[in-house]
file work06.txt (compact mmCIF, C-alpha atoms (C1' of nucleotides))
# COMPACT_ATOMS: atom_id res chain seq x y z
CA MET P 1 0.00 0.00 0.00
CA LEU P 2 1.03 3.53 -0.67
CA ASN P 3 4.46 3.78 -2.18
CA VAL P 4 6.48 6.04 -0.01
CA ALA P 5 8.60 7.23 -2.87
CA ARG P 6 8.02 10.98 -2.94
CA PRO P 7 9.22 12.65 -6.14
CA CYS P 8 8.56 16.04 -4.66
CA CYS P 9 5.51 16.81 -6.78
CA VAL P 10 3.53 13.64 -6.47
CA ILE P 11 2.94 14.41 -2.84
CA LEU P 12 -0.74 14.67 -3.51
CA SER P 13 -0.85 11.06 -4.52
CA ILE P 14 0.41 9.78 -1.21
CA MET P 15 -1.85 12.08 0.71
CA ARG P 16 -4.64 9.94 1.89
CA ASN P 17 -7.14 12.50 2.81
CA VAL P 18 -7.61 13.48 6.37
CA ASP P 19 -10.91 12.19 7.62
CA ALA P 20 -13.17 13.52 10.33
CA LEU P 21 -11.42 11.65 13.09
CA ASP P 22 -8.04 12.94 12.00
CA ALA P 23 -9.47 16.42 11.96
CA ARG P 24 -10.74 16.06 15.50
CA ILE P 25 -7.35 14.89 16.65
CA LEU P 26 -5.64 17.77 14.89
CA LEU P 27 -8.08 20.21 16.44
CA ALA P 28 -7.39 18.83 19.88
CA LEU P 29 -3.70 19.16 19.18
CA ASP P 30 -4.34 22.71 18.13
CA GLU P 31 -5.63 23.58 21.55
CA ASP P 32 -2.71 21.92 23.25
CA PRO P 33 0.11 21.10 20.88
CA ARG P 34 2.11 19.31 23.54
CA ALA P 35 -0.72 17.17 24.79
CA THR P 36 0.25 13.57 25.31
CA THR P 37 -1.37 10.80 23.33
CA VAL P 38 -3.28 9.66 26.39
CA ALA P 39 -4.59 13.14 27.03
CA LEU P 40 -5.81 13.44 23.46
CA ALA P 41 -7.38 10.01 23.62
CA ASP P 42 -9.62 10.61 26.56
CA ARG P 43 -10.34 14.16 25.57
CA LEU P 44 -11.80 12.76 22.37
CA GLY P 45 -13.24 9.64 23.91
CA LEU P 46 -11.01 7.38 21.87
CA ALA P 47 -8.68 4.55 22.63
CA ARG P 48 -5.09 5.46 23.10
CA ASN P 49 -4.10 3.07 20.34
CA THR P 50 -6.33 4.81 17.85
CA VAL P 51 -4.86 8.23 18.44
CA GLN P 52 -1.37 6.80 18.39
CA ALA P 53 -1.91 5.03 15.09
CA ARG P 54 -3.53 7.99 13.39
CA LEU P 55 -0.95 10.47 14.53
CA LYS P 56 1.76 8.18 13.27
CA ARG P 57 0.06 7.92 9.92
CA LEU P 58 -0.50 11.64 9.67
CA GLU P 59 3.16 12.29 10.15
CA GLU P 60 4.44 9.50 7.96
CA SER P 61 2.13 10.39 5.11
CA GLY P 62 3.44 13.93 5.09
CA GLN P 63 0.26 15.65 6.16
CA LEU P 64 2.05 17.65 8.78
CA ARG P 65 4.41 20.36 7.71
CA GLU P 66 7.40 21.67 9.52
CA HIS P 67 7.23 22.88 13.06
CA SER P 68 8.86 26.24 12.37
CA ARG P 69 5.60 27.36 10.82
CA ARG P 70 4.49 27.97 14.36
CA VAL P 71 7.23 30.46 15.17
CA ALA P 72 6.22 34.09 14.85
CA PRO P 73 8.84 36.13 12.98
CA ALA P 74 8.15 39.15 15.19
CA GLY P 75 9.62 37.26 18.14
CA LEU P 76 12.80 36.76 16.16
CA GLY P 77 13.18 40.48 15.66
CA TYR P 78 11.39 40.93 12.36
CA PRO P 79 8.29 42.99 13.09
CA LEU P 80 7.79 44.02 9.49
CA MET P 81 6.16 41.80 6.92
CA ALA P 82 5.72 42.52 3.23
CA LEU P 83 4.52 40.86 0.07
CA ILE P 84 6.64 41.48 -2.95
CA THR P 85 5.45 40.55 -6.41
CA MET P 86 8.05 40.22 -9.09
CA SER P 87 7.91 40.17 -12.84
CA ILE P 88 10.31 37.83 -14.53
CA SER P 89 11.86 38.11 -17.94
CA GLN P 90 11.34 34.91 -19.90
CA ARG P 91 10.11 32.15 -17.65
CA VAL P 92 10.75 31.52 -14.01
CA GLY P 93 13.78 29.34 -13.87
CA LYS P 94 15.46 27.40 -11.16
CA PRO P 95 18.38 29.85 -10.91
CA THR P 96 15.96 32.66 -10.19
CA ARG P 97 14.16 30.77 -7.46
CA GLU P 98 17.36 29.55 -5.90
CA ALA P 99 18.81 33.02 -5.78
CA ILE P 100 15.70 34.30 -4.08
CA LEU P 101 15.57 31.47 -1.59
CA ARG P 102 19.11 32.21 -0.54
CA ILE P 103 17.80 35.36 1.10
CA PRO P 104 16.93 34.35 4.66
CA GLU P 105 14.27 37.03 5.02
CA VAL P 106 12.21 35.38 2.29
CA VAL P 107 9.87 33.22 4.32
CA GLU P 108 7.64 32.10 1.49
CA LEU P 109 7.83 32.00 -2.28
CA LEU P 110 4.97 31.35 -4.69
CA VAL P 111 4.54 31.14 -8.42
CA THR P 112 1.30 32.88 -9.29
CA THR P 113 -0.91 33.97 -12.11
CA GLY P 114 -1.49 37.64 -12.74
CA ASP P 115 0.71 40.67 -13.00
CA GLY P 116 3.69 39.31 -11.19
CA ASP P 117 4.98 35.85 -11.84
CA LEU P 118 6.51 35.38 -8.44
CA LEU P 119 5.34 36.40 -5.01
CA ALA P 120 7.71 36.52 -2.09
CA ARG P 121 6.69 37.04 1.47
CA VAL P 122 9.52 38.67 3.32
CA VAL P 123 10.11 39.86 6.84
CA ALA P 124 12.35 42.72 7.88
CA ARG P 125 13.69 44.49 10.94
CA ASP P 126 12.53 47.90 9.73
CA THR P 127 11.79 49.80 6.56
CA GLU P 128 15.43 50.35 5.76
CA ASP P 129 15.99 46.64 6.08
CA LEU P 130 13.06 46.05 3.77
CA HIS P 131 14.62 48.32 1.22
CA ARG P 132 17.82 46.35 1.34
CA ILE P 133 15.93 43.09 0.84
CA THR P 134 13.99 44.50 -2.08
CA ASN P 135 17.24 45.36 -3.77
CA LEU P 136 18.51 41.86 -3.15
CA LEU P 137 15.43 40.48 -4.86
CA LEU P 138 15.99 42.69 -7.86
CA GLU P 139 19.48 41.28 -8.18
CA ALA P 140 18.15 37.78 -8.74
CA PRO P 141 18.54 36.71 -12.38
CA GLY P 142 15.52 37.51 -14.49
CA VAL P 143 13.75 39.75 -12.02
CA VAL P 144 12.83 42.88 -13.91
CA ARG P 145 10.29 44.61 -11.74
CA SER P 146 8.97 44.39 -8.22
CA ASN P 147 5.99 45.69 -6.33
CA THR P 148 5.98 45.84 -2.57
CA THR P 149 2.92 45.66 -0.37
CA ILE P 150 3.37 46.10 3.33
CA VAL P 151 1.30 44.11 5.79
CA LEU P 152 -0.21 46.56 8.24
CA LEU P 153 -2.14 44.11 10.36
CA GLU P 154 -2.57 40.39 10.53
CA VAL P 155 -6.29 40.23 11.14
CA GLN P 156 -6.09 36.47 10.92
CA PRO P 157 -2.70 34.80 10.68
CA PHE P 158 -2.63 31.68 8.57
CA SER P 159 -4.75 28.98 10.13
CA VAL P 160 -6.71 26.02 8.88
CA ARG P 161 -8.73 25.73 12.04
CA SER P 162 -11.92 26.65 10.29
CA LEU P 163 -11.32 23.94 7.73
CA LEU P 164 -10.56 21.39 10.39
CA GLU P 165 -13.71 22.28 12.26
CA ARG P 166 -15.80 21.77 9.17
CA HIS P 167 -13.97 18.59 8.45
CA ALA P 168 -14.45 17.27 11.96
CA GLY P 169 -18.19 17.28 11.45
CA PRO P 170 -20.88 18.83 13.64
CA GLU P 171 -19.84 17.01 16.78
CA THR P 172 -16.56 18.62 17.64
CA GLY P 173 -16.93 18.86 21.36
CA PRO P 174 -15.04 16.58 23.69
CA HIS P 175 -16.62 13.55 25.30
CA ARG P 176 -19.03 12.76 22.53
CA PRO P 177 -20.37 9.26 22.97
CA THR P 178 -20.39 7.21 19.80
CA ARG P 179 -24.11 7.30 19.42
CA MET R 1 7.41 38.65 35.68
CA LEU R 2 5.68 39.01 32.38
CA ASN R 3 2.02 39.69 32.75
CA VAL R 4 0.17 37.04 30.89
CA ALA R 5 -2.70 39.35 30.15
CA ARG R 6 -2.77 39.51 26.38
CA PRO R 7 -4.93 42.32 25.03
CA CYS R 8 -4.63 40.98 21.54
CA CYS R 9 -2.46 43.76 20.22
CA VAL R 10 0.10 44.17 22.94
CA ILE R 11 1.49 40.78 22.13
CA LEU R 12 4.70 42.32 21.01
CA SER R 13 5.32 43.72 24.43
CA ILE R 14 5.27 40.38 26.18
CA MET R 15 7.45 38.82 23.56
CA ARG R 16 10.83 38.50 25.06
CA ASN R 17 12.90 37.91 22.05
CA VAL R 18 13.98 34.46 21.14
CA ASP R 19 17.69 34.08 21.72
CA ALA R 20 20.19 31.80 20.05
CA LEU R 21 19.53 28.92 22.39
CA ASP R 22 15.80 29.15 21.84
CA ALA R 23 16.43 29.15 18.13
CA ARG R 24 18.52 26.01 18.37
CA ILE R 25 15.80 24.28 20.32
CA LEU R 26 13.18 25.34 17.82
CA LEU R 27 15.34 24.13 14.96
CA ALA R 28 15.77 20.77 16.62
CA LEU R 29 12.03 20.64 17.09
CA ASP R 30 11.66 21.45 13.44
CA GLU R 31 13.50 18.33 12.46
CA ASP R 32 11.47 16.20 14.80
CA PRO R 33 8.41 17.98 16.13
CA ARG R 34 7.48 15.13 18.43
CA ALA R 35 10.91 14.73 19.94
CA THR R 36 10.86 14.35 23.69
CA THR R 37 12.49 16.88 25.95
CA VAL R 38 15.22 14.42 26.79
CA ALA R 39 15.93 13.74 23.14
CA LEU R 40 16.20 17.45 22.42
CA ALA R 41 18.43 17.96 25.42
CA ASP R 42 21.14 15.53 24.48
CA ARG R 43 20.84 16.32 20.82
CA LEU R 44 21.80 19.87 21.71
CA GLY R 45 24.14 18.98 24.51
CA LEU R 46 22.02 20.69 27.13
CA ALA R 47 20.56 19.68 30.43
CA ARG R 48 17.01 18.41 30.36
CA ASN R 49 15.96 21.12 32.76
CA THR R 50 17.17 23.83 30.44
CA VAL R 51 15.22 22.62 27.47
CA GLN R 52 12.17 22.07 29.62
CA ALA R 53 12.32 25.57 31.07
CA ARG R 54 12.84 27.27 27.74
CA LEU R 55 10.15 25.39 25.96
CA LYS R 56 7.76 26.25 28.75
CA ARG R 57 8.68 29.90 28.46
CA LEU R 58 8.38 29.91 24.70
CA GLU R 59 4.86 28.61 24.90
CA GLU R 60 3.74 30.73 27.81
CA SER R 61 5.10 33.90 26.29
CA GLY R 62 3.12 33.31 23.14
CA GLN R 63 6.04 32.78 20.81
CA LEU R 64 4.51 29.65 19.39
CA ARG R 65 1.44 29.95 17.27
CA GLU R 66 -1.25 27.41 16.76
CA HIS R 67 -0.52 23.90 15.71
CA SER R 68 -2.95 23.90 12.80
CA ARG R 69 -0.45 25.98 10.87
CA ARG R 70 1.27 22.72 10.19
CA VAL R 71 -1.67 21.11 8.45
CA ALA R 72 -1.55 21.28 4.66
CA PRO R 73 -4.92 22.36 3.20
CA ALA R 74 -4.41 20.05 0.22
CA GLY R 75 -4.72 17.07 2.52
CA LEU R 76 -8.09 18.35 3.66
CA GLY R 77 -9.37 18.40 0.12
CA TYR R 78 -8.52 21.96 -0.88
CA PRO R 79 -5.85 21.69 -3.57
CA LEU R 80 -6.43 25.19 -4.86
CA MET R 81 -4.98 28.28 -3.20
CA ALA R 82 -5.57 31.87 -4.17
CA LEU R 83 -4.80 35.37 -2.99
CA ILE R 84 -7.66 37.79 -3.25
CA THR R 85 -7.12 41.49 -2.77
CA MET R 86 -10.14 43.57 -1.97
CA SER R 87 -10.87 47.25 -2.14
CA ILE R 88 -13.03 48.60 0.62
CA SER R 89 -15.34 51.57 0.54
CA GLN R 90 -14.58 53.89 3.43
CA ARG R 91 -12.32 52.26 5.92
CA VAL R 92 -11.95 48.63 6.88
CA GLY R 93 -14.34 48.05 9.72
CA LYS R 94 -14.87 45.25 12.11
CA PRO R 95 -18.11 44.16 10.41
CA THR R 96 -16.26 43.68 7.16
CA ARG R 97 -13.53 41.61 8.71
CA GLU R 98 -15.93 39.52 10.71
CA ALA R 99 -18.03 38.76 7.68
CA ILE R 100 -14.96 37.64 5.78
CA LEU R 101 -13.66 35.53 8.63
CA ARG R 102 -16.93 33.68 8.77
CA ILE R 103 -15.99 32.06 5.48
CA PRO R 104 -14.14 28.89 6.42
CA GLU R 105 -12.09 28.84 3.23
CA VAL R 106 -10.42 32.09 4.23
CA VAL R 107 -7.26 30.82 5.87
CA GLU R 108 -5.56 34.17 6.31
CA LEU R 109 -6.58 37.80 6.29
CA LEU R 110 -4.30 40.81 6.14
CA VAL R 111 -4.71 44.55 6.07
CA THR R 112 -2.20 45.91 3.60
CA THR R 113 -1.00 49.03 1.91
CA GLY R 114 -1.38 49.43 -1.82
CA ASP R 115 -4.15 48.90 -4.29
CA GLY R 116 -6.30 46.66 -2.20
CA ASP R 117 -6.94 47.35 1.44
CA LEU R 118 -7.50 43.75 2.40
CA LEU R 119 -5.80 40.57 1.30
CA ALA R 120 -7.40 37.20 1.87
CA ARG R 121 -5.71 33.92 1.30
CA VAL R 122 -8.32 31.35 0.45
CA VAL R 123 -8.32 27.68 -0.41
CA ALA R 124 -10.84 25.91 -2.60
CA ARG R 125 -11.80 22.49 -3.88
CA ASP R 126 -11.70 23.56 -7.51
CA THR R 127 -12.13 26.61 -9.69
CA GLU R 128 -15.89 26.57 -9.42
CA ASP R 129 -15.56 26.50 -5.66
CA LEU R 130 -13.18 29.42 -5.87
CA HIS R 131 -15.73 31.36 -7.85
CA ARG R 132 -18.32 30.75 -5.17
CA ILE R 133 -15.95 31.95 -2.47
CA THR R 134 -15.08 35.07 -4.42
CA ASN R 135 -18.75 35.92 -4.60
CA LEU R 136 -19.05 35.40 -0.87
CA LEU R 137 -16.23 37.85 -0.32
CA LEU R 138 -17.92 40.44 -2.48
CA GLU R 139 -21.00 40.14 -0.30
CA ALA R 140 -19.12 41.31 2.77
CA PRO R 141 -20.10 44.87 3.74
CA GLY R 142 -17.90 47.50 2.14
CA VAL R 143 -16.12 45.24 -0.33
CA VAL R 144 -16.38 46.95 -3.69
CA ARG R 145 -13.82 45.22 -5.85
CA SER R 146 -11.72 42.12 -5.77
CA ASN R 147 -8.75 40.79 -7.63
CA THR R 148 -7.88 37.12 -7.61
CA THR R 149 -4.43 35.67 -8.03
CA ILE R 150 -4.09 31.92 -8.20
CA VAL R 151 -1.13 30.18 -6.62
CA LEU R 152 0.35 27.88 -9.25
CA LEU R 153 3.19 26.48 -7.20
CA GLU R 154 4.44 26.77 -3.67
CA VAL R 155 8.14 26.99 -4.35
CA GLN R 156 8.73 27.52 -0.66
CA PRO R 157 5.80 27.19 1.73
CA PHE R 158 5.92 29.52 4.68
CA SER R 159 8.87 28.72 6.89
CA VAL R 160 11.06 30.65 9.27
CA ARG R 161 13.78 28.03 9.24
CA SER R 162 16.20 30.34 7.53
CA LEU R 163 15.63 32.96 10.19
CA LEU R 164 16.05 30.45 12.97
CA GLU R 165 19.29 29.21 11.47
CA ARG R 166 20.66 32.70 11.34
CA HIS R 167 19.45 33.30 14.84
CA ALA R 168 20.99 30.13 16.18
CA GLY R 169 24.43 31.38 15.31
CA PRO R 170 27.16 29.65 13.32
CA GLU R 171 27.26 26.54 15.50
CA THR R 172 24.00 24.85 14.74
CA GLY R 173 25.15 21.29 14.53
CA PRO R 174 24.30 18.80 17.27
CA HIS R 175 26.79 17.80 19.93
CA ARG R 176 28.56 21.07 20.10
CA PRO R 177 30.73 21.19 23.22
CA THR R 178 30.52 24.46 25.09
CA ARG R 179 33.98 25.56 24.17
C1' DG D 1 31.19 42.15 47.01
C1' DC D 2 26.40 41.22 46.14
C1' DC D 3 22.22 40.33 43.59
C1' DA D 4 19.57 38.40 39.90
C1' DC D 5 19.37 35.00 36.55
C1' DA D 6 20.29 30.85 33.88
C1' DT D 7 22.32 26.41 33.65
C1' DT D 8 23.20 22.07 35.54
C1' DA D 9 22.62 17.95 38.44
C1' DA D 10 20.20 14.61 41.16
C1' DG D 11 16.08 12.44 42.90
C1' DC D 12 11.36 10.63 42.95
C1' DA D 13 6.53 9.38 42.18
C1' DT D 14 3.58 9.29 38.48
C1' DT D 15 2.56 8.95 33.87
C1' DC D 16 3.46 7.97 29.11
C1' DT D 17 5.47 5.48 25.27
C1' DG D 18 6.21 1.88 22.00
C1' DC D 19 4.97 -2.42 21.06
C1' DT D 20 2.42 -6.71 20.69
C1' DC D 21 -1.59 -9.68 20.65
C1' DA D 22 -6.37 -10.56 20.47
C1' DT D 23 -11.01 -9.12 19.70
C1' DA D 24 -14.84 -6.46 17.84
C1' DT D 25 -16.94 -3.80 13.94
C1' DA D 26 -17.46 -1.97 9.59
C1' DT D 27 -17.21 -1.77 4.75
C1' DC D 28 -16.32 -3.66 0.35
C1' DT D 29 -15.59 -7.53 -2.85
C1' DT D 30 -16.65 -11.68 -4.94
C1' DA S 1 -24.18 -14.62 2.02
C1' DA S 2 -19.48 -15.43 2.87
C1' DG S 3 -14.88 -13.71 2.96
C1' DA S 4 -11.45 -10.20 3.17
C1' DT S 5 -9.49 -5.78 4.37
C1' DA S 6 -9.16 -1.99 7.32
C1' DT S 7 -9.93 0.19 11.48
C1' DA S 8 -11.15 0.70 16.52
C1' DT S 9 -10.63 -1.17 20.97
C1' DG S 10 -8.77 -3.35 25.17
C1' DA S 11 -5.14 -5.28 27.85
C1' DG S 12 -0.46 -5.85 29.23
C1' DC S 13 4.41 -4.76 30.06
C1' DA S 14 9.25 -3.07 30.29
C1' DG S 15 11.46 0.98 29.71
C1' DA S 16 11.49 5.87 29.26
C1' DA S 17 9.83 10.51 29.96
C1' DT S 18 7.45 14.00 32.71
C1' DG S 19 6.68 17.35 36.26
C1' DC S 20 8.44 19.00 40.13
C1' DT S 21 11.67 20.17 43.83
C1' DT S 22 16.11 21.24 45.87
C1' DA S 23 20.73 22.60 45.49
C1' DA S 24 25.13 23.69 43.41
C1' DT S 25 27.46 26.42 39.97
C1' DG S 26 28.51 29.81 36.88
C1' DT S 27 27.89 34.68 34.80
C1' DG S 28 26.96 39.33 34.22
C1' DG S 29 25.41 43.80 36.11
C1' DC S 30 25.43 47.38 39.74

call {"tool": "encode", "arguments": {"input": "work06.txt", "output": "structure tokens"}}
result
Amino acid sequence: MLNVARPCCVILSIMRNVDALDARILLALDEDPRATTVALADRLGLARNTVQARLKRLEESGQLREHSRRVAPAGLGYPLMALITMSISQRVGKPTREAILRIPEVVELLVTTGDGDLLARVVARDTEDLHRITNLLLEAPGVVRSNTTIVLLEVQPFSVRSLLERHAGPETGPHRPTR
Amino acid sequence: MLNVARPCCVILSIMRNVDALDARILLALDEDPRATTVALADRLGLARNTVQARLKRLEESGQLREHSRRVAPAGLGYPLMALITMSISQRVGKPTREAILRIPEVVELLVTTGDGDLLARVVARDTEDLHRITNLLLEAPGVVRSNTTIVLLEVQPFSVRSLLERHAGPETGPHRPTR
DNA sequence: GCCACATTAAGCATTCTGCTCATATATCTT
DNA sequence: AAGATATATGAGCAGAATGCTTAATGTGGC
């Protein structure tokens, strides 16, 4: 079952979808990320073995991304966040992407439709720092134009809680008897 | 020390910055998010107590965000991701934001400078679904215009690893003796 | 010198983990 | 209907980890 060869773009194929039970477990973990397996189990009214097995599968099947997603850049000394769209001459090549990813302040990089071809999310210590980073981006091969948008307020930082809640079904509360 | 009252916008004030040691711990956690305290401790050449204390502080001081950040939306059945900028009549009010946040597919919401006043990151099951969500956004009070950009490829999903590595200092490897 | 703070070390009762085996339920296939 | 596959559950067990406390040892600032 499930070849665990992962050619980097076929990830979707090995992703057995997360079902309602998985979602409930993930939600419980969301409220207490360091909860022990036992704690999760009786919070959800499940057997310890069940939680253990499903968590193991979730991790092994690559459903969970890296832990550093949880670290807020502001705490590291980067209170400024900006979105920078870039136009690329020709097509977006590997050299371009690699050059951009070498900049530590680039915390996310997307290929998009629309005006820009690339979108980088960067963090900076201050506006001067941001200016420096913008110039670095423009030095990447093929980058011909950039457009910077500053994030003024994170009304809702990235979170899939709402999706998990929908996925978990109507009965999300703890201690729900099976019937 | 450190009032744990958190009036939602004063978070920055209670954030004692993450130092190099914290960064090393977080990096180690990044490589194995479920590593035990003991495992982290001797991977980093630290005492168990140290790791335990710092992890506790990191969590209590709000440096770590929610766990659901680690869940990939694709695994939940939302393979499509888009960025939708919105122009708002008047100013961005609470009613507008609340209406938008009631849409589960909105996984992130930012107030930005530039053309649009609001930027929503949404996920969708397919293009038709995305169309439906776009219409929902336009129904929010004050939203007068929207512009959708589809994410074709996540070259680098959000990650602060690079920042942590810089923060951890030159000696990031395991088993580094104190001198 | 003295104070505050962080690291380290040791100890201890309780709890958790990883693992295995066996037993129910479902659900799907033939 | 019968069989097969997958999952949930329950129990058990040795070893490991946790949470907590106390105390010793730096380390830097005033």

call {"tool": "interface_residues", "arguments": {"input": "work06.txt", "of": "chain D", "to": "chain P", "cutoff": "12 Å", "atoms": "all atoms listed in the file", "output": "list in words"}}
result
DT15, DC16, DT17, DG18, DC19 and DT20 of chain D

call {"tool": "atom_distance", "arguments": {"input": "work06.txt", "atom1": "atom CA of Ser68 of chain R", "atom2": "atom CA of Ile103 of chain R"}}
result
17.0 Å

call {"tool": "closest_atom_pairs", "arguments": {"input": "work06.txt", "of": "chain P", "to": "chain S", "cutoff": "8 Å", "atoms": "all atoms listed in the file", "output": "Markdown table"}}
result
| residue | atom | partner | partner_atom | distance |
| --- | --- | --- | --- | --- |
| P:Ala47 | CA | S:DT9 | C1' | 6.3 |
| P:Asn49 | CA | S:DT9 | C1' | 7.8 |
| P:Thr50 | CA | S:DA8 | C1' | 6.5 |

call {"tool": "closest_residue", "arguments": {"input": "work06.txt", "among": "P:Ala82, P:Val18, P:Ala168, P:Val143", "to": "chain R", "atoms": "only C-alpha atoms"}}
result
P:Val18

call {"tool": "closest_residue", "arguments": {"input": "work06.txt", "among": "P:Leu58, P:Leu119, P:Ala41, P:Ile150", "to": "chain R", "atoms": "all atoms listed in the file"}}
result
P:Ile150

call {"tool": "atom_distance", "arguments": {"input": "work06.txt", "atom1": "atom CA of His67 of chain R", "atom2": "atom CA of Ile25 of chain P"}}
result
11.3 Å
